[in-house]
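Report on the structure given below.
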Amino acid sequence: MKGLITALAIAACVSAHTILNELYAANGTSFGLHNCLRLPSYDGPITDVTSSSMTCNGSPNALDTVSTNVCSIAAGSKITLRWGHTLTSGAEDVIDSSHKGPVIVYMAKVSNAGTGAPPTSGWFKIYHAGLSNGRWAVDDLIANGGKLTVTIPSCIPAGQYLIRGELIALHAASSYPGAQLYMECGNLQVTGGGSKSPATVAVFSLILTADDVASTYNLYSGQTTYTIPGPAPFTC
Ligand SMILES: *[C@@H]1O[C@H](CO)[C@@H](O)[C@H](O)[C@H]1NC(C)=O
Ligand SMILES: [Cu+2]
């Protein structure tokens, strides 16, 4: 039975991926579909945790919808990230509900958010949600039309940053490679702010292999806890 469920989950997967498609300012106004985002042309996951695409997506998901614009947001204010199944999906088609798992947001300070390469270091976590009272972060994301609102830390220095939204689908994660990682990066100019420098994390592949999260979680074994990869989110 368990094998059948896993097989069905994998079969359902082709039509079930997701892309972080849109960013919204603190007042809820969209910055524009695909604007300020480095988007893959293909909505499928990255499953090789050693891949350099773990940072901001890319090969094998060709990055051909890349915005070099940089969107301005004040430190301490809210920003909303919206995921959709394809590059044009709306609130009714976020991701297949089989794709349960955590949602995680990182930022990294960069010198050129518009056209600079994604940095391999300097990332700090600003948000995560996993499994809480039997409900996954992905369930909440679907219920909210794909939108997640997070706060840009008030104390980080003004300047250019990449913001990295990540969703990890665990429906096939009982063996490696099985966890499906969906991540895209957005280009931000943070205004205001302070002078605190958050502790940064090791490269994403190390986080995932160290915690073994990518290879060992069985979504169908009735587990009631899940350890989200990486550190606790930074607070000012
Ligand atoms: C909302 O915020 C954006 C970005 O700061 C700004 O361009 C826009 O004018 C604001 N819209 C309203 C209705 O306040
Ligand atoms: Cu999928």
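By order of appearance in the structure tokens: chains A, B, ..., then residues from 1 within every chain, and ligands from 1 in the order shown.
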Point to revise | Test item: residues at most 12 Å from range 230-235 of chain A, only C-alpha atoms, excluding those fewer than 6 positions along its chain, as JSON, numbers by chain | key: {"A": [76, 102, 103, 104, 105, 106, 107, 123, 124, 125, 126, 127, 128, 129, 130, 150, 151, 152, 153, 154, 155, 156, 196, 197, 198, 199, 200, 201, 202, 203, 204, 205, 206, 207, 208, 209, 210, 211, 212, 213]}
Check your understanding: Neighbours of ligand 1 within 12 Å, counting only C-alpha atoms and all ligand atoms, as a PyMOL selection string?
Key -> chain A and resi 23-32+70-75+77-80+188-191
Practice item. Find the residue from A:Lys147, A:His171, A:Arg38, A:Lys100 that sits nearest to Ala113 in chain A; use only C-alpha atoms when measuring. Key: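 Of A:Lys147, A:His171, A:Arg38, A:Lys100, the one nearest Ala113 in chain A, counting only C-alpha atoms, is A:Arg38.
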Exercise for review: Mind the document's chain letters and residue numbers, and return as a count of residues only the residues of range 53-229 of chain A that DSSP labels alpha helix (DSSP H).
Suggested key: 19
Practice item. Rank nothing, just name the residue among A:Leu37, A:Met183, A:Val138, A:Ile95 nearest to Asn61 in chain A, using only C-alpha atoms. Key: A:Met183
Please, which residues have at least one atom within 12 Å of an atom of ligand 2, using only C-alpha atoms and all ligand atoms, listed as a PDB file with C-alpha atoms, in the first residue's frame?
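So the final result, stored in selection_32.pdb, reads:
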```pdb
ATOM      1  CA  LEU A   8       0.874   7.548  -7.297  1.00  0.00           C
ATOM      2  CA  ALA A   9       2.579  10.546  -5.716  1.00  0.00           C
ATOM      3  CA  ILE A  10       5.456  10.314  -8.185  1.00  0.00           C
ATOM      4  CA  ALA A  11       3.073   9.860 -11.128  1.00  0.00           C
ATOM      5  CA  ALA A  12       1.129  12.928 -10.041  1.00  0.00           C
ATOM      6  CA  CYS A  13       4.295  14.912  -9.895  1.00  0.00           C
ATOM      7  CA  VAL A  14       4.846  15.868 -13.523  1.00  0.00           C
ATOM      8  CA  SER A  15       1.890  18.219 -13.489  1.00  0.00           C
ATOM      9  CA  ALA A  16       2.480  19.340  -9.969  1.00  0.00           C
ATOM     10  CA  HIS A  17       5.581  21.485  -9.711  1.00  0.00           C
ATOM     11  CA  THR A  18       5.840  25.149  -8.748  1.00  0.00           C
ATOM     12  CA  ILE A  19       7.690  28.428  -9.386  1.00  0.00           C
ATOM     13  CA  TYR A  42      10.860  24.725 -16.377  1.00  0.00           C
ATOM     14  CA  ASP A  43       8.868  24.350 -13.162  1.00  0.00           C
ATOM     15  CA  GLY A  44      10.447  21.032 -12.152  1.00  0.00           C
ATOM     16  CA  PRO A  45      12.482  20.547  -8.983  1.00  0.00           C
ATOM     17  CA  ILE A  46      16.174  20.329  -8.252  1.00  0.00           C
ATOM     18  CA  THR A  47      16.797  16.952  -6.595  1.00  0.00           C
ATOM     19  CA  HIS A  85       2.413  25.811 -10.643  1.00  0.00           C
ATOM     20  CA  THR A  86       3.630  27.276 -13.941  1.00  0.00           C
ATOM     21  CA  VAL A  94      -0.227  26.779  -6.562  1.00  0.00           C
ATOM     22  CA  ILE A  95       1.225  23.263  -6.399  1.00  0.00           C
ATOM     23  CA  ASP A  96      -0.288  19.800  -6.132  1.00  0.00           C
ATOM     24  CA  SER A  97      -1.396  19.102  -2.569  1.00  0.00           C
ATOM     25  CA  SER A  98       0.660  15.880  -2.596  1.00  0.00           C
ATOM     26  CA  HIS A  99       3.780  18.058  -2.487  1.00  0.00           C
ATOM     27  CA  LYS A 100       3.841  18.552   1.276  1.00  0.00           C
ATOM     28  CA  GLY A 101       6.849  20.023   2.998  1.00  0.00           C
ATOM     29  CA  LEU A 167       9.760  24.957  -1.048  1.00  0.00           C
ATOM     30  CA  ILE A 168      10.776  21.349  -0.357  1.00  0.00           C
ATOM     31  CA  ALA A 169       8.265  18.669  -1.439  1.00  0.00           C
ATOM     32  CA  LEU A 170       8.730  15.488   0.572  1.00  0.00           C
ATOM     33  CA  HIS A 171       6.307  13.081  -1.124  1.00  0.00           C
ATOM     34  CA  ALA A 172       9.136  11.032  -2.640  1.00  0.00           C
ATOM     35  CA  ALA A 173      11.829  11.801  -0.063  1.00  0.00           C
ATOM     36  CA  GLY A 178      13.721  12.055  -3.871  1.00  0.00           C
ATOM     37  CA  ALA A 179      13.036  15.327  -2.085  1.00  0.00           C
ATOM     38  CA  GLN A 180      12.014  17.955  -4.619  1.00  0.00           C
ATOM     39  CA  LEU A 181      13.531  21.352  -4.011  1.00  0.00           C
ATOM     40  CA  TYR A 182      11.947  24.356  -5.657  1.00  0.00           C
TER      41      TYR A 182
END
```
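For Leu131 in chain A, the list of residues within 9 Å, based on only C-alpha atoms and with local chain neighbours fewer than 4 positions off taken out, reads Gly101, Pro102, Arg135, Trp136, Ala137, Thr224, Thr225, Tyr226, Thr227 and Ile228 of chain A.
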Those residues with N, CA, C and O atoms, as a PDB file, in the first residue's frame please?
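Heads up, here's the output in result05.pdb:
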```pdb
ATOM      1  N   GLY A 101       5.511  19.778   2.494  1.00  0.00           N
ATOM      2  CA  GLY A 101       6.849  20.023   2.998  1.00  0.00           C
ATOM      3  C   GLY A 101       6.978  21.440   3.513  1.00  0.00           C
ATOM      4  O   GLY A 101       5.988  22.162   3.625  1.00  0.00           O
ATOM      5  N   PRO A 102       8.217  21.837   3.831  1.00  0.00           N
ATOM      6  CA  PRO A 102       8.457  23.158   4.412  1.00  0.00           C
ATOM      7  C   PRO A 102       8.588  24.259   3.366  1.00  0.00           C
ATOM      8  O   PRO A 102       8.815  23.985   2.186  1.00  0.00           O
ATOM      9  N   ARG A 135      -0.176  19.974  10.092  1.00  0.00           N
ATOM     10  CA  ARG A 135      -0.354  20.788   8.900  1.00  0.00           C
ATOM     11  C   ARG A 135       0.996  21.254   8.385  1.00  0.00           C
ATOM     12  O   ARG A 135       1.824  21.774   9.132  1.00  0.00           O
ATOM     13  N   TRP A 136       1.203  21.072   7.080  1.00  0.00           N
ATOM     14  CA  TRP A 136       2.467  21.454   6.459  1.00  0.00           C
ATOM     15  C   TRP A 136       2.399  22.895   5.947  1.00  0.00           C
ATOM     16  O   TRP A 136       1.335  23.398   5.577  1.00  0.00           O
ATOM     17  N   ALA A 137       3.581  23.511   5.871  1.00  0.00           N
ATOM     18  CA  ALA A 137       3.669  24.870   5.331  1.00  0.00           C
ATOM     19  C   ALA A 137       3.091  24.938   3.924  1.00  0.00           C
ATOM     20  O   ALA A 137       2.466  25.936   3.549  1.00  0.00           O
ATOM     21  N   THR A 224       5.079  12.803  13.159  1.00  0.00           N
ATOM     22  CA  THR A 224       4.397  14.029  13.597  1.00  0.00           C
ATOM     23  C   THR A 224       5.364  15.186  13.760  1.00  0.00           C
ATOM     24  O   THR A 224       4.961  16.289  14.141  1.00  0.00           O
ATOM     25  N   THR A 225       6.650  14.938  13.522  1.00  0.00           N
ATOM     26  CA  THR A 225       7.641  16.011  13.603  1.00  0.00           C
ATOM     27  C   THR A 225       8.479  16.022  12.339  1.00  0.00           C
ATOM     28  O   THR A 225       8.604  15.007  11.644  1.00  0.00           O
ATOM     29  N   TYR A 226       9.050  17.174  12.059  1.00  0.00           N
ATOM     30  CA  TYR A 226       9.930  17.337  10.909  1.00  0.00           C
ATOM     31  C   TYR A 226      10.939  18.412  11.259  1.00  0.00           C
ATOM     32  O   TYR A 226      10.557  19.486  11.745  1.00  0.00           O
ATOM     33  N   THR A 227      12.206  18.125  11.044  1.00  0.00           N
ATOM     34  CA  THR A 227      13.253  19.108  11.326  1.00  0.00           C
ATOM     35  C   THR A 227      13.558  19.881  10.054  1.00  0.00           C
ATOM     36  O   THR A 227      14.007  19.312   9.061  1.00  0.00           O
ATOM     37  N   ILE A 228      13.288  21.189  10.073  1.00  0.00           N
ATOM     38  CA  ILE A 228      13.509  22.025   8.898  1.00  0.00           C
ATOM     39  C   ILE A 228      15.019  22.185   8.685  1.00  0.00           C
ATOM     40  O   ILE A 228      15.750  22.468   9.643  1.00  0.00           O
TER      41      ILE A 228
END
```
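Distance check against Ser121 in chain A using only C-alpha atoms: of A:Thr149, A:Thr55, A:Gln160, A:Ser174, the minimum falls on A:Thr55.
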Review point. Interatomic distance between CA of Asp64 in chain A and CA of Ser41 in chain A?
Key: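 Answer for the CA of Asp64 in chain A to CA of Ser41 in chain A separation: 5.7 Å.
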Review point. Hey, can you check how far CA of Thr216 in chain A sits from CA of Asp139 in chain A?
Key: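 So the two atoms, CA of Thr216 in chain A and CA of Asp139 in chain A, lie 21.0 Å apart.
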Check your understanding: So how far away is CA of Ser67 in chain A from CA of Pro40 in chain A, in Å?
Key ->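 Going from CA of Pro40 in chain A over to CA of Ser67 in chain A, I get 11.0 Å.
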If DSSP is run on the backbone, what residues of range 73-235 of chain A are strand (DSSP E or B)? A reply as an mmCIF file with N, CA, C and O atoms, in the first residue's frame would be ideal.
```
data_model
loop_
_atom_site.group_PDB
_atom_site.id
_atom_site.type_symbol
_atom_site.label_atom_id
_atom_site.label_comp_id
_atom_site.auth_asym_id
_atom_site.auth_seq_id
_atom_site.Cartn_x
_atom_site.Cartn_y
_atom_site.Cartn_z
ATOM 1 N N ILE A 73 12.591 47.796 -1.298
ATOM 2 C CA ILE A 73 11.749 47.454 -0.151
ATOM 3 C C ILE A 73 12.452 47.966 1.104
ATOM 4 O O ILE A 73 13.678 47.898 1.200
ATOM 5 N N ALA A 74 11.687 48.495 2.042
ATOM 6 C CA ALA A 74 12.287 49.044 3.258
ATOM 7 C C ALA A 74 12.592 47.941 4.261
ATOM 8 O O ALA A 74 11.793 47.020 4.450
ATOM 9 N N LYS A 78 7.113 44.383 5.295
ATOM 10 C CA LYS A 78 6.713 43.062 4.821
ATOM 11 C C LYS A 78 6.887 42.971 3.309
ATOM 12 O O LYS A 78 6.725 43.953 2.583
ATOM 13 N N ILE A 79 7.206 41.758 2.866
ATOM 14 C CA ILE A 79 7.240 41.450 1.440
ATOM 15 C C ILE A 79 6.487 40.138 1.264
ATOM 16 O O ILE A 79 6.544 39.276 2.141
ATOM 17 N N THR A 80 5.733 40.035 0.181
ATOM 18 C CA THR A 80 4.982 38.807 -0.077
ATOM 19 C C THR A 80 5.565 38.105 -1.295
ATOM 20 O O THR A 80 5.874 38.741 -2.309
ATOM 21 N N LEU A 81 5.724 36.802 -1.163
ATOM 22 C CA LEU A 81 6.211 35.938 -2.233
ATOM 23 C C LEU A 81 5.035 35.087 -2.693
ATOM 24 O O LEU A 81 4.273 34.581 -1.852
ATOM 25 N N ARG A 82 4.873 34.923 -4.003
ATOM 26 C CA ARG A 82 3.759 34.103 -4.491
ATOM 27 C C ARG A 82 4.259 33.007 -5.441
ATOM 28 O O ARG A 82 4.907 33.289 -6.432
ATOM 29 N N TRP A 83 3.909 31.779 -5.087
ATOM 30 C CA TRP A 83 4.229 30.625 -5.923
ATOM 31 C C TRP A 83 3.031 30.238 -6.784
ATOM 32 O O TRP A 83 1.880 30.406 -6.370
ATOM 33 N N GLY A 84 3.310 29.702 -7.982
ATOM 34 C CA GLY A 84 2.274 29.147 -8.847
ATOM 35 C C GLY A 84 2.849 27.959 -9.602
ATOM 36 O O GLY A 84 4.063 27.894 -9.828
ATOM 37 N N VAL A 103 8.435 25.485 3.814
ATOM 38 C CA VAL A 103 8.712 26.672 3.004
ATOM 39 C C VAL A 103 9.731 27.511 3.777
ATOM 40 O O VAL A 103 9.577 27.736 4.984
ATOM 41 N N ILE A 104 10.776 27.940 3.080
ATOM 42 C CA ILE A 104 11.933 28.561 3.727
ATOM 43 C C ILE A 104 12.346 29.784 2.910
ATOM 44 O O ILE A 104 12.289 29.750 1.680
ATOM 45 N N VAL A 105 12.735 30.865 3.586
ATOM 46 C CA VAL A 105 13.186 32.062 2.869
ATOM 47 C C VAL A 105 14.546 32.505 3.414
ATOM 48 O O VAL A 105 14.731 32.625 4.636
ATOM 49 N N TYR A 106 15.473 32.723 2.512
ATOM 50 C CA TYR A 106 16.809 33.220 2.834
ATOM 51 C C TYR A 106 17.041 34.559 2.129
ATOM 52 O O TYR A 106 16.372 34.878 1.141
ATOM 53 N N MET A 107 18.024 35.304 2.610
ATOM 54 C CA MET A 107 18.523 36.477 1.896
ATOM 55 C C MET A 107 20.051 36.421 1.903
ATOM 56 O O MET A 107 20.648 35.767 2.763
ATOM 57 N N ALA A 108 20.666 37.122 0.944
ATOM 58 C CA ALA A 108 22.123 37.290 0.938
ATOM 59 C C ALA A 108 22.432 38.682 0.426
ATOM 60 O O ALA A 108 21.821 39.137 -0.545
ATOM 61 N N LYS A 109 23.373 39.362 1.098
ATOM 62 C CA LYS A 109 23.792 40.691 0.644
ATOM 63 C C LYS A 109 24.737 40.523 -0.538
ATOM 64 O O LYS A 109 25.624 39.673 -0.509
ATOM 65 N N VAL A 110 24.488 41.298 -1.584
ATOM 66 C CA VAL A 110 25.288 41.177 -2.803
ATOM 67 C C VAL A 110 25.670 42.576 -3.285
ATOM 68 O O VAL A 110 25.075 43.578 -2.871
ATOM 69 N N TRP A 123 24.480 33.681 2.828
ATOM 70 C CA TRP A 123 23.024 33.540 2.973
ATOM 71 C C TRP A 123 22.624 33.453 4.441
ATOM 72 O O TRP A 123 23.273 32.797 5.239
ATOM 73 N N PHE A 124 21.546 34.117 4.787
ATOM 74 C CA PHE A 124 20.968 33.982 6.129
ATOM 75 C C PHE A 124 19.467 33.750 5.995
ATOM 76 O O PHE A 124 18.811 34.258 5.095
ATOM 77 N N LYS A 125 18.949 32.973 6.926
ATOM 78 C CA LYS A 125 17.530 32.599 6.868
ATOM 79 C C LYS A 125 16.683 33.662 7.541
ATOM 80 O O LYS A 125 17.024 34.133 8.634
ATOM 81 N N ILE A 126 15.585 34.068 6.904
ATOM 82 C CA ILE A 126 14.682 35.036 7.551
ATOM 83 C C ILE A 126 13.332 34.423 7.909
ATOM 84 O O ILE A 126 12.543 35.026 8.640
ATOM 85 N N TYR A 127 13.038 33.221 7.399
ATOM 86 C CA TYR A 127 11.725 32.627 7.687
ATOM 87 C C TYR A 127 11.793 31.132 7.414
ATOM 88 O O TYR A 127 12.463 30.695 6.483
ATOM 89 N N HIS A 128 11.099 30.365 8.218
ATOM 90 C CA HIS A 128 10.810 28.982 7.838
ATOM 91 C C HIS A 128 9.538 28.496 8.521
ATOM 92 O O HIS A 128 9.134 29.008 9.558
ATOM 93 N N ALA A 129 8.885 27.542 7.879
ATOM 94 C CA ALA A 129 7.738 26.855 8.468
ATOM 95 C C ALA A 129 7.766 25.432 7.942
ATOM 96 O O ALA A 129 8.097 25.200 6.776
ATOM 97 N N LEU A 131 6.211 21.494 9.695
ATOM 98 C CA LEU A 131 5.037 20.724 10.094
ATOM 99 C C LEU A 131 4.591 21.196 11.472
ATOM 100 O O LEU A 131 5.367 21.189 12.419
ATOM 101 N N SER A 132 3.343 21.624 11.567
ATOM 102 C CA SER A 132 2.825 22.115 12.833
ATOM 103 C C SER A 132 1.409 21.592 13.028
ATOM 104 O O SER A 132 0.525 21.851 12.206
ATOM 105 N N ARG A 135 -0.176 19.974 10.092
ATOM 106 C CA ARG A 135 -0.354 20.788 8.900
ATOM 107 C C ARG A 135 0.996 21.254 8.385
ATOM 108 O O ARG A 135 1.824 21.774 9.132
ATOM 109 N N TRP A 136 1.203 21.072 7.080
ATOM 110 C CA TRP A 136 2.467 21.454 6.459
ATOM 111 C C TRP A 136 2.399 22.895 5.947
ATOM 112 O O TRP A 136 1.335 23.398 5.577
ATOM 113 N N LYS A 147 0.515 32.605 -1.638
ATOM 114 C CA LYS A 147 1.206 33.762 -1.052
ATOM 115 C C LYS A 147 1.763 33.475 0.341
ATOM 116 O O LYS A 147 1.096 32.878 1.184
ATOM 117 N N LEU A 148 2.974 33.956 0.560
ATOM 118 C CA LEU A 148 3.610 33.917 1.872
ATOM 119 C C LEU A 148 4.165 35.315 2.148
ATOM 120 O O LEU A 148 4.891 35.870 1.325
ATOM 121 N N THR A 149 3.802 35.874 3.300
ATOM 122 C CA THR A 149 4.307 37.196 3.667
ATOM 123 C C THR A 149 5.352 37.058 4.764
ATOM 124 O O THR A 149 5.107 36.398 5.780
ATOM 125 N N VAL A 150 6.509 37.652 4.530
ATOM 126 C CA VAL A 150 7.592 37.619 5.510
ATOM 127 C C VAL A 150 8.064 39.056 5.750
ATOM 128 O O VAL A 150 7.730 39.968 4.992
ATOM 129 N N THR A 151 8.843 39.246 6.812
ATOM 130 C CA THR A 151 9.343 40.586 7.140
ATOM 131 C C THR A 151 10.832 40.675 6.829
ATOM 132 O O THR A 151 11.614 39.805 7.231
ATOM 133 N N GLY A 159 21.117 48.164 1.210
ATOM 134 C CA GLY A 159 21.941 47.695 0.103
ATOM 135 C C GLY A 159 21.217 46.676 -0.742
ATOM 136 O O GLY A 159 20.007 46.474 -0.586
ATOM 137 N N GLN A 160 21.950 46.061 -1.625
ATOM 138 C CA GLN A 160 21.352 45.098 -2.544
ATOM 139 C C GLN A 160 21.423 43.684 -1.967
ATOM 140 O O GLN A 160 22.431 43.292 -1.361
ATOM 141 N N TYR A 161 20.347 42.969 -2.160
ATOM 142 C CA TYR A 161 20.217 41.609 -1.640
ATOM 143 C C TYR A 161 19.541 40.725 -2.673
ATOM 144 O O TYR A 161 18.739 41.205 -3.492
ATOM 145 N N LEU A 162 19.831 39.427 -2.596
ATOM 146 C CA LEU A 162 18.957 38.449 -3.239
ATOM 147 C C LEU A 162 18.080 37.856 -2.144
ATOM 148 O O LEU A 162 18.528 37.662 -1.015
ATOM 149 N N ILE A 163 16.827 37.600 -2.472
ATOM 150 C CA ILE A 163 15.932 36.875 -1.567
ATOM 151 C C ILE A 163 15.640 35.544 -2.236
ATOM 152 O O ILE A 163 15.421 35.487 -3.449
ATOM 153 N N ARG A 164 15.731 34.460 -1.467
ATOM 154 C CA ARG A 164 15.594 33.111 -2.029
ATOM 155 C C ARG A 164 14.425 32.400 -1.356
ATOM 156 O O ARG A 164 14.480 32.098 -0.163
ATOM 157 N N GLY A 165 13.364 32.179 -2.102
ATOM 158 C CA GLY A 165 12.218 31.432 -1.597
ATOM 159 C C GLY A 165 12.367 29.971 -1.976
ATOM 160 O O GLY A 165 12.647 29.652 -3.129
ATOM 161 N N GLU A 166 12.173 29.095 -1.008
ATOM 162 C CA GLU A 166 12.383 27.658 -1.227
ATOM 163 C C GLU A 166 11.220 26.851 -0.682
ATOM 164 O O GLU A 166 10.712 27.129 0.404
ATOM 165 N N LEU A 167 10.802 25.887 -1.458
ATOM 166 C CA LEU A 167 9.760 24.957 -1.048
ATOM 167 C C LEU A 167 10.345 23.563 -1.245
ATOM 168 O O LEU A 167 10.933 23.280 -2.290
ATOM 169 N N ILE A 168 10.259 22.716 -0.232
ATOM 170 C CA ILE A 168 10.776 21.349 -0.357
ATOM 171 C C ILE A 168 9.603 20.385 -0.290
ATOM 172 O O ILE A 168 8.922 20.301 0.731
ATOM 173 N N ALA A 169 9.342 19.657 -1.404
ATOM 174 C CA ALA A 169 8.265 18.669 -1.439
ATOM 175 C C ALA A 169 8.835 17.311 -1.042
ATOM 176 O O ALA A 169 9.833 16.858 -1.598
ATOM 177 N N GLN A 180 12.054 17.029 -3.485
ATOM 178 C CA GLN A 180 12.014 17.955 -4.619
ATOM 179 C C GLN A 180 12.182 19.372 -4.088
ATOM 180 O O GLN A 180 11.328 19.875 -3.366
ATOM 181 N N LEU A 181 13.265 19.999 -4.488
ATOM 182 C CA LEU A 181 13.531 21.352 -4.011
ATOM 183 C C LEU A 181 13.196 22.350 -5.108
ATOM 184 O O LEU A 181 13.663 22.228 -6.242
ATOM 185 N N TYR A 182 12.364 23.293 -4.736
ATOM 186 C CA TYR A 182 11.947 24.356 -5.657
ATOM 187 C C TYR A 182 12.435 25.669 -5.078
ATOM 188 O O TYR A 182 12.035 26.053 -3.984
ATOM 189 N N MET A 183 13.316 26.355 -5.789
ATOM 190 C CA MET A 183 13.816 27.630 -5.274
ATOM 191 C C MET A 183 14.006 28.613 -6.418
ATOM 192 O O MET A 183 14.369 28.247 -7.532
ATOM 193 N N GLU A 184 13.694 29.867 -6.131
ATOM 194 C CA GLU A 184 13.979 30.950 -7.065
ATOM 195 C C GLU A 184 14.478 32.130 -6.242
ATOM 196 O O GLU A 184 14.182 32.233 -5.054
ATOM 197 N N CYS A 185 15.212 33.019 -6.902
ATOM 198 C CA CYS A 185 15.759 34.184 -6.212
ATOM 199 C C CYS A 185 15.207 35.468 -6.804
ATOM 200 O O CYS A 185 14.984 35.564 -8.016
ATOM 201 N N GLY A 186 15.006 36.449 -5.936
ATOM 202 C CA GLY A 186 14.537 37.766 -6.346
ATOM 203 C C GLY A 186 15.579 38.831 -6.040
ATOM 204 O O GLY A 186 16.395 38.668 -5.126
ATOM 205 N N ASN A 187 15.534 39.922 -6.805
ATOM 206 C CA ASN A 187 16.536 40.989 -6.705
ATOM 207 C C ASN A 187 15.954 42.165 -5.920
ATOM 208 O O ASN A 187 14.973 42.770 -6.353
ATOM 209 N N LEU A 188 16.573 42.492 -4.789
ATOM 210 C CA LEU A 188 16.030 43.543 -3.926
ATOM 211 C C LEU A 188 17.050 44.633 -3.615
ATOM 212 O O LEU A 188 18.247 44.369 -3.487
ATOM 213 N N GLN A 189 16.537 45.856 -3.488
ATOM 214 C CA GLN A 189 17.289 46.967 -2.904
ATOM 215 C C GLN A 189 16.625 47.244 -1.560
ATOM 216 O O GLN A 189 15.460 47.670 -1.507
ATOM 217 N N VAL A 190 17.334 46.968 -0.471
ATOM 218 C CA VAL A 190 16.779 47.225 0.857
ATOM 219 C C VAL A 190 17.174 48.638 1.277
ATOM 220 O O VAL A 190 18.351 49.018 1.205
ATOM 221 N N THR A 191 16.170 49.410 1.688
ATOM 222 C CA THR A 191 16.416 50.786 2.123
ATOM 223 C C THR A 191 16.267 50.871 3.641
ATOM 224 O O THR A 191 15.640 50.015 4.271
#
```
